[in-house]
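Below: final34.cif (mmCIF, C-alpha atoms)
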data_input
#
loop_
_atom_site.label_atom_id
_atom_site.label_comp_id
_atom_site.auth_asym_id
_atom_site.auth_seq_id
_atom_site.Cartn_x
_atom_site.Cartn_y
_atom_site.Cartn_z
CA MET D 90 14.35 31.83 -27.72
CA THR D 91 15.79 33.21 -30.96
CA LEU D 92 18.10 31.14 -33.17
CA LYS D 93 20.95 33.58 -32.53
CA ALA D 94 20.57 33.29 -28.76
CA TYR D 95 20.32 29.52 -28.92
CA LEU D 96 23.50 29.30 -30.99
CA ALA D 97 25.33 31.49 -28.49
CA ILE D 98 24.31 29.20 -25.63
CA SER D 99 25.25 26.13 -27.63
CA LEU D 100 28.72 27.54 -28.26
CA ALA D 101 29.12 28.33 -24.56
CA VAL D 102 28.36 24.77 -23.46
CA MET D 103 30.04 23.15 -26.45
CA ILE D 104 30.97 19.67 -25.45
CA THR D 105 31.64 20.53 -21.84
CA SER D 106 29.77 17.92 -19.86
CA GLY D 107 29.06 15.82 -22.94
CA GLY D 108 32.54 16.01 -24.48
CA ALA D 109 33.86 12.79 -23.01
CA ALA D 110 30.92 10.77 -24.24
CA LEU D 111 31.02 12.29 -27.71
CA GLY D 112 34.72 11.67 -28.19
CA SER D 113 34.90 8.31 -26.39
CA PRO D 114 37.10 5.88 -28.36
CA LYS D 115 35.38 2.96 -26.62
CA THR D 116 32.07 3.53 -28.37
CA TRP D 117 31.13 0.95 -31.01
CA SER D 118 29.21 2.48 -33.91
CA SER D 119 27.06 0.42 -36.26
CA LEU D 120 28.04 0.60 -39.93
CA THR D 121 25.71 0.37 -42.91
CA PRO D 122 27.10 -1.57 -45.91
CA SER D 123 27.20 0.30 -49.21
CA ASN D 124 25.16 -2.47 -50.82
CA GLY D 125 22.39 -4.82 -49.75
CA THR D 126 19.00 -4.57 -48.09
CA PRO D 127 18.71 -4.94 -44.30
CA VAL D 128 16.82 -7.84 -42.73
CA THR D 129 15.77 -7.81 -39.09
CA ILE D 130 16.70 -10.66 -36.77
CA GLU D 131 14.95 -10.71 -33.40
CA SER D 132 16.11 -12.57 -30.30
CA LYS D 133 14.90 -12.50 -26.71
CA LYS D 134 17.33 -9.71 -25.83
CA SER D 135 17.53 -7.57 -28.94
CA LYS D 136 16.41 -6.76 -32.46
CA GLN D 137 19.26 -6.27 -34.97
CA ASP D 138 19.57 -5.43 -38.66
CA TYR D 139 21.77 -7.78 -40.69
CA TYR D 140 22.73 -7.95 -44.38
CA ALA D 141 22.80 -10.98 -46.67
CA PHE D 142 25.99 -11.72 -48.63
CA SER D 143 27.01 -14.40 -51.11
CA LYS D 144 29.91 -15.58 -53.31
CA SER D 145 29.15 -13.07 -56.05
CA THR D 146 27.67 -10.25 -53.91
CA PRO D 147 29.90 -9.34 -50.96
CA SER D 148 28.81 -7.01 -48.18
CA THR D 149 31.04 -3.92 -48.27
CA VAL D 150 31.86 -1.22 -45.69
CA LYS D 151 34.39 1.63 -45.67
CA VAL D 152 36.18 2.76 -42.51
CA THR D 153 38.96 5.14 -41.52
CA GLY D 154 41.56 3.77 -39.12
CA PRO D 155 43.24 3.25 -36.86
CA GLY D 156 40.53 1.28 -35.10
CA ARG D 157 38.84 -2.08 -34.82
CA LEU D 158 36.15 -3.56 -37.03
CA ARG D 159 33.78 -6.10 -35.52
CA VAL D 160 32.20 -8.51 -38.01
CA VAL D 161 29.17 -10.38 -36.62
CA THR D 162 27.78 -13.26 -38.71
CA ARG D 163 24.83 -15.62 -38.45
CA ALA D 164 24.61 -18.75 -40.56
CA VAL D 165 21.41 -20.39 -41.86
CA LEU D 166 21.17 -24.01 -40.75
CA PRO D 167 19.67 -26.29 -43.43
CA GLY D 168 17.07 -28.98 -42.79
CA LYS D 169 16.71 -29.95 -39.16
CA LYS D 170 20.38 -29.55 -38.21
CA LYS D 171 21.03 -28.12 -34.77
CA GLU D 172 24.64 -27.11 -35.42
CA GLY D 173 27.05 -26.50 -38.26
CA ILE D 174 30.43 -25.22 -39.40
CA TYR D 175 30.55 -22.38 -41.90
CA GLY D 176 33.18 -20.18 -43.49
CA PHE D 177 33.36 -16.68 -44.91
CA VAL D 178 36.00 -14.53 -46.59
CA VAL D 179 37.13 -11.07 -45.46
CA ILE D 180 39.06 -8.97 -47.99
CA ARG D 181 40.67 -5.65 -47.11
CA ASP D 182 41.31 -3.17 -49.93
CA GLY D 183 40.87 -5.88 -52.55
CA GLU D 184 44.14 -7.61 -51.58
CA ASP D 185 44.47 -8.80 -47.99
CA ARG D 186 42.29 -11.94 -47.95
CA GLN D 187 41.35 -13.99 -44.89
CA LEU D 188 39.29 -17.19 -44.85
CA LEU D 189 37.57 -17.57 -41.47
CA SER D 190 35.47 -20.43 -40.12
CA LYS D 191 33.02 -20.61 -37.24
CA THR D 192 31.09 -23.33 -35.42
CA THR D 193 27.53 -22.45 -34.49
CA LYS D 194 24.46 -23.97 -32.87
CA LYS D 195 20.79 -23.31 -33.52
CA ALA D 196 19.57 -20.12 -31.88
CA GLY D 197 16.12 -19.08 -30.72
CA ALA D 198 16.30 -15.94 -32.85
CA LYS D 199 14.07 -15.52 -35.88
CA LEU D 200 14.27 -13.74 -39.21
CA LEU D 201 11.21 -11.48 -39.19
CA SER D 202 10.72 -11.66 -42.97
CA ALA D 203 10.99 -15.48 -42.92
CA PRO D 204 10.28 -16.81 -39.39
CA SER D 205 10.74 -20.46 -40.41
CA THR D 206 14.42 -19.87 -41.26
CA ARG D 207 16.69 -21.78 -38.87
CA LEU D 208 19.40 -19.38 -37.67
CA GLY D 209 22.65 -20.14 -35.89
CA LYS D 210 23.94 -18.16 -32.94
CA PRO D 211 25.83 -14.94 -33.76
CA LYS D 212 29.59 -15.31 -34.11
CA SER D 213 31.95 -12.34 -34.15
CA VAL D 214 35.51 -11.61 -35.16
CA THR D 215 37.35 -8.33 -34.45
CA LEU D 216 39.82 -7.05 -37.02
CA LYS D 217 42.54 -4.46 -36.46
CA VAL D 218 42.11 -1.57 -38.91
CA PRO D 219 45.34 0.28 -39.79
CA ALA D 220 45.53 4.06 -40.19
CA GLY D 221 43.95 5.53 -43.31
CA ASP D 222 40.87 4.80 -45.44
CA HIS D 223 40.05 1.13 -46.04
CA GLU D 224 37.36 -0.99 -47.67
CA TYR D 225 36.33 -4.35 -46.23
CA GLN D 226 34.34 -6.96 -48.13
CA VAL D 227 32.71 -10.06 -46.63
CA SER D 228 31.69 -12.86 -48.99
CA LEU D 229 31.16 -16.63 -49.07
CA PRO D 230 33.83 -19.05 -50.34
CA ASN D 231 33.16 -21.08 -53.48
CA ASP D 232 32.41 -24.25 -51.49
CA ALA D 233 30.03 -22.58 -49.03
CA LYS D 234 27.15 -24.78 -47.81
CA HIS D 235 25.44 -22.21 -45.60
CA ASP D 236 23.76 -18.90 -46.38
CA CYS D 237 24.84 -16.10 -44.04
CA PHE D 238 23.95 -12.68 -42.72
CA VAL D 239 26.38 -10.06 -41.39
CA ARG D 240 26.46 -6.77 -39.49
CA PHE D 241 29.40 -4.46 -38.77
CA GLN D 242 30.56 -2.29 -35.87
CA PHE D 243 33.57 0.01 -35.65
CA THR D 244 35.48 1.75 -32.87
CA GLU D 245 38.38 4.15 -33.13
CA SER D 246 41.63 3.27 -31.41
CA LYS D 247 43.19 5.39 -28.73
CA GLY D 248 46.27 7.28 -29.81
CA LYS D 249 48.51 10.07 -28.59
CA LYS D 250 47.68 12.10 -31.69
CA LYS D 251 43.95 11.88 -31.00
CA ALA D 252 43.98 14.78 -28.52
CA LYS D 253 45.59 17.09 -31.09
CA ASP D 254 43.05 16.17 -33.74
CA LYS D 255 40.04 16.20 -31.40
CA THR D 256 37.01 17.63 -33.17
CA GLU D 257 35.06 20.34 -31.38
CA TYR D 258 31.32 19.87 -31.74
CA VAL D 259 28.47 22.37 -31.55
CA ALA D 260 24.82 21.59 -30.82
CA TYR D 261 22.90 21.62 -34.11
CA LEU D 262 19.23 22.60 -34.39
CA PRO D 263 16.73 20.51 -36.36
CA ARG D 264 14.51 22.12 -39.00
CA LYS D 265 11.25 20.52 -37.79
CA PHE D 266 10.30 18.59 -34.70
CA ALA D 267 7.22 17.58 -32.73
CA GLU D 268 8.33 18.44 -29.22
CA GLU D 269 11.23 19.96 -27.32
CA VAL D 270 12.26 18.27 -24.08
CA LYS D 271 14.68 19.77 -21.55
CA ILE D 272 16.82 17.37 -19.53
CA GLN D 273 19.44 17.73 -16.81
CA VAL D 274 22.73 15.82 -17.05
CA LYS D 275 25.20 16.36 -14.22
CA GLU D 276 23.74 19.82 -13.42
CA GLN D 277 23.87 20.91 -17.08
CA GLU D 278 20.64 21.50 -19.00
CA PHE D 279 20.25 20.28 -22.58
CA ILE D 280 17.44 20.59 -25.11
CA CYS D 281 16.45 17.34 -26.84
CA TYR D 282 13.84 16.58 -29.49
CA ARG D 283 11.29 13.80 -29.04
CA ALA D 284 10.73 11.41 -31.97
CA SER D 285 8.49 8.40 -32.53
CA SER D 286 7.67 6.14 -35.49
CA ASP D 287 5.13 8.64 -36.85
CA LYS D 288 6.76 11.87 -35.64
CA PRO D 289 10.30 12.15 -37.00
CA VAL D 290 12.72 15.00 -36.46
CA GLU D 291 13.79 16.71 -39.69
CA LEU D 292 17.24 18.19 -40.31
CA GLU D 293 18.71 20.10 -43.20
CA VAL D 294 22.47 19.68 -43.55
CA ASN D 295 25.06 20.87 -46.05
CA GLY D 296 27.89 18.41 -46.63
CA PRO D 297 30.41 17.09 -46.64
CA THR D 298 30.43 16.70 -42.86
CA ASN D 299 29.81 14.18 -40.08
CA LEU D 300 26.60 14.67 -38.13
CA LYS D 301 26.67 13.23 -34.63
CA VAL D 302 23.43 12.03 -33.07
CA VAL D 303 22.89 11.20 -29.39
CA ALA D 304 19.75 9.14 -28.77
CA ARG D 305 18.08 8.26 -25.47
CA LEU D 306 15.21 5.80 -25.16
CA GLU D 307 12.32 6.91 -22.94
CA PHE D 308 11.13 4.22 -20.53
CA ASP D 309 7.55 4.03 -19.29
CA HIS D 310 6.03 2.10 -16.39
CA THR D 311 5.48 -1.03 -18.55
CA MET D 312 9.19 -1.48 -19.35
CA ARG D 313 11.38 -3.74 -17.25
CA GLY D 314 15.15 -4.13 -17.48
CA ASP D 315 17.10 -3.32 -20.64
CA LYS D 316 15.11 -2.51 -23.78
CA PRO D 317 16.39 -2.86 -27.37
CA PHE D 318 15.54 0.03 -29.68
CA ARG D 319 16.56 1.43 -33.06
CA VAL D 320 17.15 4.88 -34.51
CA GLN D 321 16.68 5.26 -38.26
CA VAL D 322 17.87 7.95 -40.65
CA MET D 323 15.99 8.46 -43.94
CA GLU D 324 16.38 10.71 -46.97
CA ASP D 325 13.81 10.91 -49.79
CA ASN D 326 11.97 7.83 -48.39
CA ASN D 327 15.22 5.83 -48.56
CA ILE D 328 16.78 4.35 -45.43
CA VAL D 329 20.27 5.81 -45.00
CA GLN D 330 21.09 3.77 -41.90
CA THR D 331 19.47 1.96 -38.99
CA ASN D 332 21.32 1.94 -35.68
CA PRO D 333 20.41 -0.71 -33.07
CA PHE D 334 21.00 -0.05 -29.38
CA ASN D 335 20.30 -1.67 -26.04
CA GLY D 336 18.51 0.92 -23.91
CA LYS D 337 19.44 1.21 -20.23
CA ILE D 338 18.03 3.60 -17.65
CA SER D 339 20.40 6.54 -17.01
CA ALA D 340 21.79 7.12 -13.54
CA THR D 341 22.74 10.75 -14.27
CA ALA D 342 20.04 12.18 -16.59
CA ALA D 343 16.62 13.47 -15.51
CA TYR D 344 13.82 15.58 -16.95
CA SER D 345 13.90 19.28 -16.08
CA LYS D 346 10.14 19.09 -15.46
CA PRO D 347 8.21 16.24 -13.77
CA SER D 348 7.39 13.38 -16.17
CA ASP D 349 5.79 9.94 -16.07
CA LYS D 350 8.74 8.60 -18.10
CA VAL D 351 12.33 7.71 -17.22
CA ILE D 352 15.30 8.72 -19.39
CA GLY D 353 17.66 6.14 -20.87
CA ARG D 354 21.42 6.47 -21.26
CA GLY D 355 22.78 8.34 -24.25
CA ASN D 356 23.77 6.26 -27.30
CA SER D 357 25.65 7.98 -30.11
CA PHE D 358 26.27 7.37 -33.81
CA PHE D 359 27.49 9.30 -36.85
CA VAL D 360 25.85 10.10 -40.18
CA ALA D 361 28.38 10.68 -42.96
CA VAL D 362 26.81 13.51 -44.98
CA PRO D 363 28.01 13.65 -48.61
CA GLU D 364 28.58 16.88 -50.52
CA GLY D 365 25.56 19.07 -51.18
CA LYS D 366 22.35 19.88 -49.33
CA HIS D 367 20.52 17.00 -47.65
CA ARG D 368 17.27 16.72 -45.72
CA TYR D 369 17.10 13.86 -43.24
CA LEU D 370 14.30 12.40 -41.15
CA VAL D 371 15.52 10.86 -37.90
CA THR D 372 13.10 8.59 -36.04
CA THR D 373 12.63 5.19 -34.45
CA PRO D 374 10.98 2.46 -36.55
CA ASP D 375 9.80 0.72 -33.36
CA LYS D 376 6.13 1.55 -32.82
CA GLY D 377 5.26 2.48 -29.27
CA ASN D 378 8.76 3.76 -28.48
CA THR D 379 9.82 7.38 -28.12
CA VAL D 380 13.41 8.59 -28.22
CA LEU D 381 15.04 11.88 -27.28
CA LEU D 382 17.50 13.13 -29.89
CA ARG D 383 20.26 15.70 -29.76
CA PHE D 384 22.44 16.66 -32.72
CA TYR D 385 26.01 17.89 -33.00
CA MET D 386 28.12 19.19 -35.89
CA PRO D 387 31.88 19.80 -36.10
CA GLN D 388 32.44 23.48 -35.38
CA LYS D 389 34.59 23.85 -38.49
CA ASP D 390 31.71 22.65 -40.71
CA LEU D 391 29.23 25.19 -39.38
CA GLY D 392 30.92 28.11 -41.07
CA ILE D 393 32.18 29.24 -37.65
CA GLU D 394 35.82 30.31 -37.72
CA SER D 395 38.10 27.85 -35.98
CA LYS D 396 41.55 28.37 -34.51
CA SER D 397 43.11 27.85 -37.92
CA GLY D 398 40.87 30.53 -39.43
CA LYS D 399 39.22 28.10 -41.85
CA THR D 400 35.47 27.62 -42.20
CA GLY D 401 33.30 24.72 -43.29
CA SER D 402 30.35 24.37 -45.62
CA ALA D 403 27.56 23.26 -43.30
CA VAL D 404 25.05 25.88 -42.14
CA MET D 405 22.48 26.29 -39.39
CA PRO D 406 18.92 25.93 -40.67
CA THR D 407 17.42 29.30 -41.46
CA LYS D 408 13.93 28.38 -40.29
CA ARG D 409 12.89 26.12 -37.42
CA THR D 410 9.30 25.01 -36.92
CA LYS D 411 7.41 22.45 -34.92
CA HIS D 412 5.40 19.79 -36.68
CA VAL D 413 3.05 17.05 -35.59
CA ASN D 414 3.51 14.54 -38.37
CA ASN D 415 5.82 14.70 -41.36
CA GLY D 416 4.38 11.69 -43.14
#

Mind turning the file's structure into structure tokens?
Amino acid sequence: MTLKAYLAISLAVMITSGGAALGSPKTWSSLTPSNGTPVTIESKKSKQDYYAFSKSTPSTVKVTGPGRLRVVTRAVLPGKKKEGIYGFVVIRDGEDRQLLSKTTKKAGAKLLSAPSTRLGKPKSVTLKVPAGDHEYQVSLPNDAKHDCFVRFQFTESKGKKKAKDKTEYVAYLPRKFAEEVKIQVKEQEFICYRASSDKPVELEVNGPTNLKVVARLEFDHTMRGDKPFRVQVMEDNNIVQTNPFNGKISATAAYSKPSDKVIGRGNSFFVAVPEGKHRYLVTTPDKGNTVLLRFYMPQKDLGIESKSGKTGSAVMPTKRTKHVNNG
């Protein structure tokens, strides 16, 4: 199929069956702090990336409201203590300061880079984010006795104005990929791209724009119940973001052709693409897992004329090739 024909089909099915999922205000998206190096904490049910923060080095994220910001923290328990009380500070836009405290007990989770570290159970607080652009910083108070790790999630709030401002998305083609996979979702056929730890999918994107990614874990006969997995975005060997999900078998999606695998539910996240041309590798860092990926771009950013007559700066890749391994 030619690129022109594929684009025509993509425009025809633009967010028809998938529109509700893509625009769902109930979806919690993982946020990557602008500073700090991720550490992986593994429990019996999941594997999550957290970020260390301290008195002098807060963990910082930027969000656009209205919405809700979920702040999940884990404290380090010193010595042989089985429980503890710890505090942390949340500052919004450098002014609105809140001192929060949590009680925690020793968890069975472990810090992969330092397995002997005694971690407390995760504790979360949900903050209401007002309309507009905001910066949130999480740090330790001066009298802190516990080291801590944090991760962030954000969801947009429902609003009457949301329908007017609803973004129309178009399927976006990757530049390189290992394998195309056709799936059926509620009688609609979609083309996805299979990725593994050593076979990423490569995209070339012109920003600024917001790339939307829908990821589905593939289950094999050895998997039982829910399965945690991650999708990672890299640029120039640097990790842009790592998105953790809990994979569940889909009740509505199936392969177009017979397969020995079972498709998981779709999980979505955004990649904020800054100005200029960027080349991303999208993959899963979990060896042995494979994920099916599908990409969407706001119609206005594809240079396609919208109702207002304005066009964006993003472009479709001019050349699309398969690859086996992109290093």

**Prompt:** How many Å separate CA of Asp138 in chain D from CA of Thr331 in chain D?
**Reply:**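 Computed distance, CA of Asp138 in chain D to CA of Thr331 in chain D, equals 7.4 Å.
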
**Request:** In Å, rounded to a single decimal, give me how far CA of Thr146 in chain D is from CA of Glu172 in chain D.
**Result:**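 Going from CA of Glu172 in chain D over to CA of Thr146 in chain D covers 25.2 Å.
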
**Complete:** A straight line from CA of Tyr282 in chain D to CA of Gly365 in chain D spans 24.8 Å

**Message:** Can you pull out the residues contacting Lys212 in chain D? Cut-off 12 Å, using only C-alpha atoms, and skip same-chain residues under 5 positions away; I want them as number ranges by chain.
**Reply:** D: 159-164, 174-177, 189-196, 237-241

If you apply the PyMOL selection byres ((chain D and resi 224) around 9) to this file, what residues do you get, as a PDB file with C-alpha atoms, in the frame of the given file?
ATOM      1  CA  THR D 149      31.040  -3.920 -48.270  1.00  0.00           C
ATOM      2  CA  VAL D 150      31.860  -1.220 -45.690  1.00  0.00           C
ATOM      3  CA  LYS D 151      34.390   1.630 -45.670  1.00  0.00           C
ATOM      4  CA  VAL D 152      36.180   2.760 -42.510  1.00  0.00           C
ATOM      5  CA  THR D 153      38.960   5.140 -41.520  1.00  0.00           C
ATOM      6  CA  ILE D 180      39.060  -8.970 -47.990  1.00  0.00           C
ATOM      7  CA  ARG D 181      40.670  -5.650 -47.110  1.00  0.00           C
ATOM      8  CA  ASP D 182      41.310  -3.170 -49.930  1.00  0.00           C
ATOM      9  CA  GLY D 183      40.870  -5.880 -52.550  1.00  0.00           C
ATOM     10  CA  ASP D 222      40.870   4.800 -45.440  1.00  0.00           C
ATOM     11  CA  HIS D 223      40.050   1.130 -46.040  1.00  0.00           C
ATOM     12  CA  TYR D 225      36.330  -4.350 -46.230  1.00  0.00           C
ATOM     13  CA  GLN D 226      34.340  -6.960 -48.130  1.00  0.00           C
TER      14      GLN D 226
END

**Request:** Excluding Arg207 in chain D and residues on its chain fewer than 3 positions from it, collect all residues at most 9 Å away from it, counting only C-alpha atoms, and give them as an MDAnalysis selection string.
**Result:** chainID D and resid 164:171 195:200 204
